[in-house]
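Text of the file data.cif, holding mmCIF, C-alpha atoms:
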data_run
loop_
_atom_site.label_atom_id
_atom_site.label_comp_id
_atom_site.auth_asym_id
_atom_site.auth_seq_id
_atom_site.Cartn_x
_atom_site.Cartn_y
_atom_site.Cartn_z
CA MET A 162 191.60 -16.64 18.41
CA ILE A 163 190.39 -20.22 18.39
CA SER A 164 192.50 -22.48 16.19
CA LEU A 165 191.25 -25.70 14.61
CA THR A 166 193.24 -27.87 17.04
CA SER A 167 190.91 -30.45 18.59
CA PRO A 168 190.11 -29.96 22.27
CA VAL A 169 189.99 -33.78 22.53
CA GLU A 170 193.48 -34.66 23.72
CA THR A 171 194.96 -37.48 21.63
CA ARG A 172 198.31 -39.23 21.79
CA ALA A 173 199.30 -37.47 18.56
CA HIS A 174 199.02 -34.07 20.33
CA GLY A 175 202.35 -34.89 21.99
CA TRP A 176 204.19 -35.92 18.82
CA PRO A 177 206.64 -33.40 17.29
CA ALA A 178 204.87 -31.10 14.81
CA GLY A 179 207.79 -31.22 12.35
CA ALA A 180 207.65 -35.03 12.20
CA LYS A 181 203.89 -34.97 11.62
CA LEU A 182 204.26 -32.44 8.79
CA ALA A 183 207.07 -34.45 7.16
CA ALA A 184 204.99 -37.64 7.41
CA LEU A 185 202.02 -35.81 5.89
CA CYS A 186 204.15 -34.68 2.92
CA GLY A 187 205.34 -38.26 2.37
CA ALA A 188 201.83 -39.71 2.68
CA THR A 189 200.39 -37.17 0.21
CA VAL A 190 203.08 -37.99 -2.38
CA VAL A 191 202.33 -41.73 -2.01
CA LEU A 192 198.56 -41.14 -2.27
CA PHE A 193 198.93 -39.24 -5.54
CA ALA A 194 201.36 -41.86 -6.95
CA GLN A 195 199.04 -44.86 -6.34
CA GLU A 196 196.18 -45.76 -8.70
CA GLY A 197 194.83 -49.02 -7.23
CA LEU A 198 191.27 -48.98 -5.88
CA GLY A 199 192.12 -51.56 -3.18
CA PHE A 200 194.97 -49.41 -1.88
CA HIS A 201 192.78 -46.31 -1.61
CA VAL A 202 189.91 -48.21 0.06
CA VAL A 203 192.32 -49.53 2.72
CA VAL A 204 193.94 -46.10 3.28
CA PHE A 205 190.60 -44.31 3.65
CA ALA A 206 189.27 -47.02 5.98
CA ALA A 207 192.47 -46.62 8.04
CA CYS A 208 191.93 -42.84 8.15
CA LEU A 209 188.39 -43.33 9.46
CA LEU A 210 189.66 -45.80 12.05
CA VAL A 211 192.32 -43.34 13.24
CA TYR A 212 189.63 -40.62 13.52
CA ARG A 213 187.45 -43.02 15.53
CA LEU A 214 190.14 -44.05 18.04
CA PRO A 215 190.02 -40.88 20.22
CA GLY A 216 186.21 -41.14 20.50
CA GLY A 217 182.94 -39.91 18.99
CA GLN A 218 183.54 -36.16 19.39
CA PHE A 219 186.86 -36.30 17.52
CA PHE A 220 185.33 -38.52 14.82
CA ARG A 221 182.40 -36.15 14.26
CA ALA A 222 184.73 -33.14 14.00
CA GLY A 223 186.89 -35.04 11.51
CA VAL A 224 183.94 -36.07 9.33
CA LYS A 225 182.64 -32.49 9.42
CA GLY A 226 186.01 -31.38 8.01
CA LEU A 227 185.54 -33.77 5.08
CA PHE A 228 181.93 -32.79 4.45
CA VAL A 229 182.97 -29.59 2.65
CA LEU A 230 184.27 -31.78 -0.19
CA TRP A 231 180.83 -33.09 -1.14
CA PRO A 232 180.29 -30.84 -4.22
CA PHE A 233 183.57 -32.07 -5.75
CA ILE A 234 182.78 -35.69 -4.86
CA ALA A 235 179.33 -35.45 -6.43
CA VAL A 236 180.70 -33.90 -9.64
CA VAL A 237 183.50 -36.49 -9.97
CA LEU A 238 181.23 -39.47 -9.33
CA VAL A 239 178.51 -38.31 -11.72
CA TRP A 240 181.12 -37.43 -14.34
CA HIS A 241 182.80 -40.84 -14.16
CA LEU A 242 179.47 -42.66 -14.23
CA VAL A 243 178.54 -40.75 -17.39
CA ILE A 244 181.86 -41.54 -19.13
CA GLY A 245 181.66 -45.19 -17.97
CA ALA A 246 184.69 -45.25 -15.68
CA PRO A 247 183.24 -45.59 -12.15
CA VAL A 248 186.36 -47.30 -10.68
CA GLU A 249 188.57 -44.43 -11.79
CA GLY A 250 186.08 -41.99 -10.24
CA LEU A 251 186.13 -43.89 -6.93
CA VAL A 252 189.94 -43.78 -6.89
CA VAL A 253 189.92 -39.99 -7.40
CA VAL A 254 187.31 -39.49 -4.67
CA LEU A 255 188.99 -41.81 -2.13
CA ARG A 256 192.41 -40.26 -2.79
CA LEU A 257 190.95 -36.80 -2.26
CA LEU A 258 189.17 -37.81 0.96
CA SER A 259 192.29 -39.51 2.39
CA ALA A 260 194.62 -36.61 1.49
CA VAL A 261 192.33 -34.05 3.12
CA ALA A 262 191.60 -36.35 6.09
CA LEU A 263 195.31 -36.83 6.82
CA ALA A 264 196.08 -33.11 6.46
CA ASN A 265 193.16 -32.21 8.74
CA LEU A 266 194.39 -34.82 11.21
CA VAL A 267 197.70 -32.98 11.53
CA THR A 268 195.88 -29.67 12.00
CA MET A 269 193.54 -31.19 14.62
CA THR A 270 196.37 -32.72 16.65
CA THR A 271 198.91 -29.88 16.53
CA ARG A 272 198.69 -26.76 18.65
CA LEU A 273 199.21 -23.32 17.08
CA SER A 274 202.28 -22.75 19.27
CA ALA A 275 203.87 -25.98 17.97
CA MET A 276 203.15 -24.95 14.37
CA ILE A 277 204.68 -21.52 14.94
CA GLU A 278 207.73 -23.26 16.44
CA VAL A 279 208.12 -25.20 13.15
CA VAL A 280 208.00 -21.90 11.24
CA ARG A 281 210.72 -20.53 13.58
CA TRP A 282 212.79 -23.68 13.01
CA LEU A 283 212.41 -23.35 9.24
CA GLY A 284 213.59 -19.74 9.52
CA ALA A 285 216.76 -20.68 11.44
CA PRO A 286 218.98 -21.03 8.32
CA LEU A 287 217.81 -17.59 7.18
CA ARG A 288 218.72 -16.09 10.58
CA ARG A 289 222.19 -17.60 10.29
CA LEU A 290 222.50 -15.84 6.93
CA GLY A 291 221.66 -12.57 8.67
CA VAL A 292 218.02 -12.30 7.54
CA ASN A 293 215.76 -10.73 10.19
CA THR A 294 212.89 -13.20 10.69
CA ARG A 295 211.47 -11.14 13.54
CA ALA A 296 209.26 -9.32 11.05
CA LEU A 297 207.53 -12.63 10.21
CA GLU A 298 207.01 -13.49 13.87
CA ILE A 299 205.57 -10.03 14.63
CA GLY A 300 203.46 -10.25 11.46
CA ILE A 301 201.90 -13.54 12.62
CA ALA A 302 201.16 -12.05 16.05
CA LEU A 303 199.62 -8.92 14.48
CA VAL A 304 197.27 -10.92 12.24
CA VAL A 305 196.14 -13.10 15.16
CA ARG A 306 195.59 -9.96 17.27
CA PHE A 307 193.86 -7.81 14.67
CA THR A 308 191.60 -10.26 12.82
CA PRO A 309 188.96 -10.32 15.61
CA THR A 310 189.34 -6.55 16.11
CA LEU A 311 188.76 -5.84 12.43
CA ALA A 312 185.89 -8.33 12.30
CA ASP A 313 184.27 -6.43 15.20
CA LYS A 314 184.71 -3.14 13.38
CA GLY A 315 183.22 -4.71 10.24
CA ALA A 316 180.19 -5.85 12.25
CA GLN A 317 179.81 -2.32 13.67
CA LEU A 318 179.95 -0.86 10.16
CA ALA A 319 177.25 -3.31 9.06
CA GLN A 320 175.10 -2.31 12.08
CA SER A 321 175.56 1.40 11.32
CA TRP A 322 174.46 0.72 7.76
CA LEU A 323 171.40 -1.21 8.92
CA ALA A 324 170.47 1.64 11.31
CA ARG A 325 170.30 4.07 8.38
CA SER A 326 169.10 1.97 5.47
CA PRO A 327 166.27 -0.52 4.91
CA ARG A 328 168.59 -2.52 2.64
CA LYS A 329 171.23 -5.05 3.69
CA PRO A 330 174.82 -3.82 3.82
CA GLY A 331 176.47 -4.39 0.46
CA TRP A 332 179.87 -3.96 -1.08
CA LYS A 333 179.87 -0.27 -0.16
CA ILE A 334 181.01 -1.05 3.39
CA VAL A 335 184.23 -2.64 2.08
CA MET A 336 185.73 0.79 1.36
CA PRO A 337 185.32 2.24 4.90
CA PHE A 338 186.32 -1.19 6.22
CA THR A 339 189.61 -0.96 4.32
CA VAL A 340 190.14 2.61 5.56
CA LEU A 341 189.79 1.31 9.14
CA ALA A 342 192.45 -1.36 8.44
CA ILE A 343 194.79 1.25 6.94
CA ASP A 344 194.32 3.59 9.92
CA ASP A 345 194.99 0.73 12.35
CA ALA A 346 198.13 -0.17 10.38
CA GLU A 347 199.43 3.40 10.67
CA HIS A 348 198.86 3.37 14.45
CA VAL A 349 200.54 -0.04 14.78
CA ALA A 350 203.53 1.16 12.75
CA GLU A 351 203.94 4.16 15.09
CA ALA A 352 203.65 1.91 18.14
CA LEU A 353 206.27 -0.52 16.75
CA LYS A 354 208.67 2.34 16.05
CA ALA A 355 208.08 3.79 19.52
CA ARG A 356 209.04 0.42 21.04
CA GLY A 357 212.36 0.26 19.21
CA GLY A 358 211.24 -1.16 15.86
CA LEU A 359 212.07 -4.51 14.32
CA ASN A 360 215.83 -4.50 14.82
CA GLN A 361 216.01 -5.16 18.54
CA MET B 1399 210.03 -1.09 7.53
CA GLU B 1400 207.60 -0.97 10.48
CA ARG B 1401 204.97 0.70 8.31
CA ASN B 1402 205.36 -1.92 5.59
CA LEU B 1403 205.05 -4.74 8.13
CA ALA B 1404 202.00 -3.15 9.76
CA LEU B 1405 200.24 -2.66 6.42
CA VAL B 1406 201.09 -6.20 5.26
CA ALA B 1407 199.84 -7.69 8.56
CA LEU B 1408 196.71 -5.54 8.70
CA PHE B 1409 195.78 -6.41 5.11
CA ALA B 1410 196.28 -10.11 5.92
CA ALA B 1411 193.92 -9.54 8.87
CA LEU B 1412 191.56 -7.64 6.54
CA ILE B 1413 191.33 -10.65 4.18
CA ALA B 1414 190.49 -12.80 7.20
CA ALA B 1415 187.95 -10.31 8.58
CA LEU B 1416 186.27 -10.03 5.16
CA GLY B 1417 185.67 -13.78 5.41
CA LEU B 1418 184.00 -13.37 8.78
CA ILE B 1419 181.46 -10.72 7.80
CA PRO B 1420 178.38 -12.25 6.15
CA LYS B 1421 178.66 -12.58 2.39
CA PHE B 1422 176.56 -10.08 0.52
CA THR B 1423 174.43 -10.40 -2.56
CA LEU B 1424 174.73 -8.06 -5.49
CA GLY B 1425 171.65 -6.40 -6.96
CA PHE B 1426 171.08 -9.10 -9.55
CA GLY B 1427 171.35 -12.02 -7.15
CA VAL B 1428 175.04 -12.94 -7.41
CA PRO B 1429 176.31 -13.83 -3.92
CA ILE B 1430 179.92 -12.80 -3.39
CA THR B 1431 182.30 -13.56 -0.56
CA ALA B 1432 184.32 -10.46 0.07
CA GLN B 1433 187.49 -12.47 0.70
CA SER B 1434 188.60 -12.73 -2.93
CA LEU B 1435 187.85 -9.00 -3.25
CA GLY B 1436 190.37 -8.63 -0.41
CA ILE B 1437 193.02 -10.44 -2.48
CA MET B 1438 192.49 -8.00 -5.35
CA LEU B 1439 192.67 -5.03 -2.95
CA CYS B 1440 195.98 -6.31 -1.54
CA GLY B 1441 197.46 -5.93 -5.02
CA THR B 1442 195.76 -2.68 -6.03
CA VAL B 1443 196.42 -0.90 -2.69
CA LEU B 1444 199.70 -2.38 -1.38
CA GLY B 1445 201.36 -3.02 -4.74
CA SER B 1446 203.03 -6.16 -6.06
CA ARG B 1447 205.54 -7.24 -3.37
CA ARG B 1448 203.68 -6.07 -0.27
CA GLY B 1449 200.36 -7.30 -1.65
CA ALA B 1450 201.78 -10.77 -2.32
CA MET B 1451 203.40 -10.79 1.15
CA ALA B 1452 200.09 -9.95 2.83
CA VAL B 1453 198.42 -12.87 1.01
CA LEU B 1454 201.33 -15.21 1.86
CA LEU B 1455 201.06 -14.25 5.52
CA PHE B 1456 197.32 -14.98 5.41
CA LEU B 1457 197.97 -18.38 3.77
CA LEU B 1458 200.66 -19.22 6.35
CA LEU B 1459 198.18 -18.63 9.17
CA LEU B 1460 195.59 -20.75 7.36
CA ALA B 1461 198.17 -23.56 7.07
CA LEU B 1462 199.06 -23.21 10.76
CA GLY B 1463 195.46 -24.10 11.56
CA LEU B 1464 193.55 -20.85 12.02
CA PRO B 1465 189.96 -20.88 10.67
CA LEU B 1466 190.37 -17.71 8.61
CA LEU B 1467 188.77 -18.72 5.32
CA ALA B 1468 185.10 -17.82 4.70
CA GLY B 1469 182.86 -20.29 6.53
CA GLY B 1470 185.43 -20.80 9.32
CA ARG B 1471 187.62 -23.12 7.26
CA GLY B 1472 191.36 -23.49 7.69
CA GLY B 1473 194.12 -26.01 8.24
CA LEU B 1474 196.38 -28.07 6.03
CA GLY B 1475 193.51 -29.98 4.38
CA LEU B 1476 192.71 -26.91 2.27
CA PHE B 1477 196.08 -27.19 0.56
CA VAL B 1478 195.38 -30.66 -0.86
CA SER B 1479 191.70 -30.08 -1.63
CA PRO B 1480 190.46 -29.47 -5.20
CA SER B 1481 190.37 -25.70 -4.64
CA ALA B 1482 194.01 -25.61 -3.45
CA GLY B 1483 195.12 -24.23 -6.83
CA PHE B 1484 193.18 -21.04 -6.09
CA LEU B 1485 194.97 -20.67 -2.73
CA PHE B 1486 198.39 -21.17 -4.35
CA GLY B 1487 197.37 -18.68 -7.04
CA TRP B 1488 196.27 -15.96 -4.59
CA PRO B 1489 199.75 -14.49 -3.87
CA VAL B 1490 200.63 -14.56 -7.58
CA ALA B 1491 197.29 -12.91 -8.39
CA ALA B 1492 197.95 -10.14 -5.85
CA PHE B 1493 201.49 -9.69 -7.20
CA VAL B 1494 200.40 -9.41 -10.85
CA THR B 1495 197.50 -7.11 -9.95
CA GLY B 1496 199.82 -4.84 -7.96
CA PHE B 1497 202.52 -4.93 -10.62
CA ILE B 1498 200.11 -3.69 -13.29
CA VAL B 1499 198.83 -0.85 -11.08
CA GLU B 1500 202.44 0.14 -10.28
CA LYS B 1501 203.56 0.22 -13.89
CA TRP B 1502 200.46 1.55 -15.68
CA ARG B 1503 200.39 5.20 -14.67
CA GLY B 1504 198.10 6.57 -17.38
CA GLY B 1505 194.31 6.62 -17.12
CA SER B 1506 192.09 6.76 -14.07
CA LEU B 1507 193.09 4.64 -11.08
CA ALA B 1508 189.63 3.03 -10.96
CA MET B 1509 189.98 1.79 -14.53
CA VAL B 1510 193.62 0.68 -14.17
CA ALA B 1511 192.96 -1.11 -10.86
CA GLY B 1512 189.83 -2.75 -12.32
CA ILE B 1513 191.67 -4.04 -15.40
CA ALA B 1514 194.65 -5.12 -13.25
CA SER B 1515 192.21 -7.07 -11.04
CA VAL B 1516 190.72 -8.79 -14.08
CA ILE B 1517 194.18 -9.80 -15.34
CA GLY B 1518 195.72 -10.72 -11.97
CA GLY B 1519 192.69 -11.69 -9.91
CA ILE B 1520 190.86 -13.61 -12.64
CA LEU B 1521 193.09 -14.65 -15.58
CA VAL B 1522 196.22 -15.48 -13.58
CA LEU B 1523 194.28 -16.85 -10.61
CA TYR B 1524 192.17 -19.18 -12.75
CA VAL B 1525 195.29 -20.65 -14.41
CA PHE B 1526 196.35 -21.84 -10.95
CA GLY B 1527 192.83 -22.78 -9.88
CA VAL B 1528 192.11 -24.80 -13.01
CA ALA B 1529 195.52 -26.53 -12.76
CA GLY B 1530 194.74 -27.47 -9.13
CA LEU B 1531 191.34 -28.89 -10.08
CA ALA B 1532 192.83 -30.78 -13.04
CA ILE B 1533 195.52 -32.38 -10.84
CA THR B 1534 193.35 -33.33 -7.85
CA LEU B 1535 190.32 -34.47 -9.84
CA LYS B 1536 192.34 -36.02 -12.71
CA LYS B 1537 190.54 -33.96 -15.34
CA SER B 1538 191.78 -32.19 -18.44
CA ALA B 1539 192.34 -28.43 -18.16
CA TYR B 1540 189.28 -27.84 -20.38
CA GLU B 1541 187.03 -30.03 -18.20
CA ALA B 1542 188.35 -28.35 -15.04
CA ALA B 1543 187.75 -24.90 -16.57
CA LEU B 1544 184.11 -25.85 -17.22
CA LEU B 1545 183.66 -26.57 -13.51
CA VAL B 1546 184.64 -23.04 -12.47
CA ALA B 1547 183.33 -21.04 -15.45
CA ALA B 1548 180.18 -20.15 -13.50
CA PHE B 1549 182.21 -18.08 -11.03
CA VAL B 1550 183.80 -15.81 -13.64
CA PRO B 1551 180.89 -13.29 -13.92
CA GLY B 1552 180.90 -12.73 -10.14
CA ASP B 1553 184.67 -12.26 -10.21
CA ILE B 1554 184.41 -9.67 -12.99
CA VAL B 1555 181.98 -7.73 -10.79
CA LYS B 1556 184.50 -7.99 -7.93
CA ALA B 1557 187.28 -6.66 -10.17
CA VAL B 1558 185.14 -3.62 -11.05
CA LEU B 1559 184.42 -3.08 -7.33
CA ALA B 1560 188.14 -3.42 -6.51
CA GLY B 1561 188.85 -0.64 -9.03
CA MET B 1562 186.18 1.66 -7.57
CA ILE B 1563 187.21 0.98 -3.96
CA THR B 1564 190.91 1.57 -4.76
CA ALA B 1565 190.09 4.92 -6.39
CA ALA B 1566 187.98 5.90 -3.37
CA LEU B 1567 190.84 4.90 -1.03
CA ALA B 1568 193.27 6.99 -3.05
CA ARG B 1569 191.04 9.99 -2.32
CA ALA B 1570 190.50 9.14 1.38
CA ARG B 1571 194.05 7.97 2.27
CA PRO B 1572 196.32 8.90 -0.66
CA GLN B 1573 199.55 8.21 1.24
CA SER B 1574 198.43 4.64 1.99
CA VAL B 1575 197.84 3.53 -1.60
CA LEU B 1576 201.40 2.23 -1.88
CA SER B 1577 200.94 0.85 -5.39
CA ARG B 1578 200.95 4.49 -6.57
CA GLY B 1579 203.48 5.72 -4.00
#

Rewrite the structure from the file as structure tokens, please.
Amino acid sequence: MISLTSPVETRAHGWPAGAKLAALCGATVVLFAQEGLGFHVVVFAACLLVYRLPGGQFFRAGVKGLFVLWPFIAVVLVWHLVIGAPVEGLVVVLRLLSAVALANLVTMTTRLSAMIEVVRWLGAPLRRLGVNTRALEIGIALVVRFTPTLADKGAQLAQSWLARSPRKPGWKIVMPFTVLAIDDAEHVAEALKARGGLNQ
Amino acid sequence: MERNLALVALFAALIAALGLIPKFTLGFGVPITAQSLGIMLCGTVLGSRRGAMAVLLFLLLLALGLPLLAGGRGGLGLFVSPSAGFLFGWPVAAFVTGFIVEKWRGGSLAMVAGIASVIGGILVLYVFGVAGLAITLKKSAYEAALLVAAFVPGDIVKAVLAGMITAALARARPQSVLSRG
């Protein structure tokens, strides 16, 4: 499955994922603690600059990630214009854009394997306490493996529906779709047991 | 143990796959993404704990950077966006929905699962969603609630569908409806 990591190799791709996530947490806390318009203008401009450094392709992908926020931005700006507090509205919008831009930046510069390694590292104290974290690791692998498979089966169900009905497939295909997922789960459970289960 | 893990993982994959199939429009023109229907089904079919775990697993993979949300969205940015409250509310919604179906044994499963979906998948979920909007957009809870009120009718329809689908699943695969196991 294709993750949202950018194919454009940046210097940040090589930085430790844990450090990037910790820095992101710190930056988000600071962003939500600050109320000054000047501060938020500078931070957002810096975010755009960082997006621009690796080149046009990376910048366009980054801006596309922010574009989904436009309904919220429109509502906040109109709202604050109506109540006569445009500066406050700009602060809210810039804070939102910077927070999402920074978070997306971590996602775009961190490979899935590095993220999963952070999850493993976070689970280490639990393993020392005797908790079996293998179930989580297998669970992640199963979701990555079965999402495209189930999506294919969903598309086939929709095609079967279209072959028999002049109407578009509606909610009625969700029930057989769920049955397919349940049947797959039963097969997977048998296969896991046959391979020695989770306690190896 | 293996069966629980497989069902949790496959339902997490089901939520993701429901986001990949095109969204459908109900008879009276209300477009619905099937993904939030998937959250309700996690609770009504898998029960409280396993339902919540399936949703948590789905959210973990979203956070790790997989584009599993409807429209190919994913990544950490979602968790600081205005709609983040709904994401944080999803596992709680699945848990509450499942808990009600587990405990309320009287009446038809379709009705119980439908009402449980309204309470868990709408009332509980919107508390989180509205709180998330209020925090990120610096609005009062009332103002934030106004922003999302338009989605409530569609969600009520989804809750009814979740009830009907759960009852149909209980007939097709009775041993797999763990909330009634």

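Using all atoms listed in the file, the smallest distance between any of A:Leu311, A:Val191, A:Ile234, A:Leu165 and Val340 (chain A) comes from A:Leu311.
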
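Remark: for Gln317 (chain A), the closest of the candidate residues A:Ala296, A:Val237, A:Ile334, A:Leu257 is A:Ile334 (distances computed over all atoms listed in the file).
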
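Residue nearest Gly1469 (chain B) within the list B:Ile1563, B:Leu1544, B:Ala1415, B:Ala1568: B:Ala1415 [criterion: smallest interatomic distance, only C-alpha atoms].
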
Using all atoms listed in the file, select each residue of chain A with any atom at most 6 Å away from an atom of chain B, and give the selection as a count of residues only. 17

Spatial neighbours of Lys1501 (chain B), max dist 10 Å, only C-alpha atoms, sep filter under 6 positions, as JSON, numbers by chain: {"B": [1445, 1510, 1577, 1578]}

Here CA of Phe1497 (chain B) and CA of Gly1579 (chain B) stand apart by 12.6 Å

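Nearest to Pro247 (chain A) of all the residues A:Leu198, A:Ile277, A:Leu297, A:Cys186 is A:Leu198, counting all atoms listed in the file.
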
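Each of B:Ala1468, B:Val1550, B:Ile1437, B:Met1451 was compared to Ile1520 (chain B) using all atoms listed in the file, and B:Val1550 turns out to be the nearest.
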
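The coordinates place CA of Gly1518 (chain B) at 5.0 Å from CA of Val1494 (chain B).
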
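Residue nearest Ala1542 (chain B), chosen from B:Gly1527, B:Leu1507, B:Leu1467, B:Arg1569 and counting all atoms listed in the file: B:Gly1527.
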
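The coordinates place CA of Met269 (chain A) at 8.3 Å from CA of Gly223 (chain A).
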
Margin query: As a check of understanding, name the residues that the PyMOL selection byres ((chain B and resi 1514) around 10) selects in the supplied structure, as number ranges by chain.
Written below: B: 1438, 1441-1442, 1491-1492, 1494-1500, 1502, 1508-1513, 1515-1521, 1557-1558, 1560-1561

Near-Val211 (chain A) list (10 Å; all atoms listed in the file; drop same-chain fewer than 4 positions) as a ChimeraX atom specification: /A:205-207,215-216,219-220,263,266
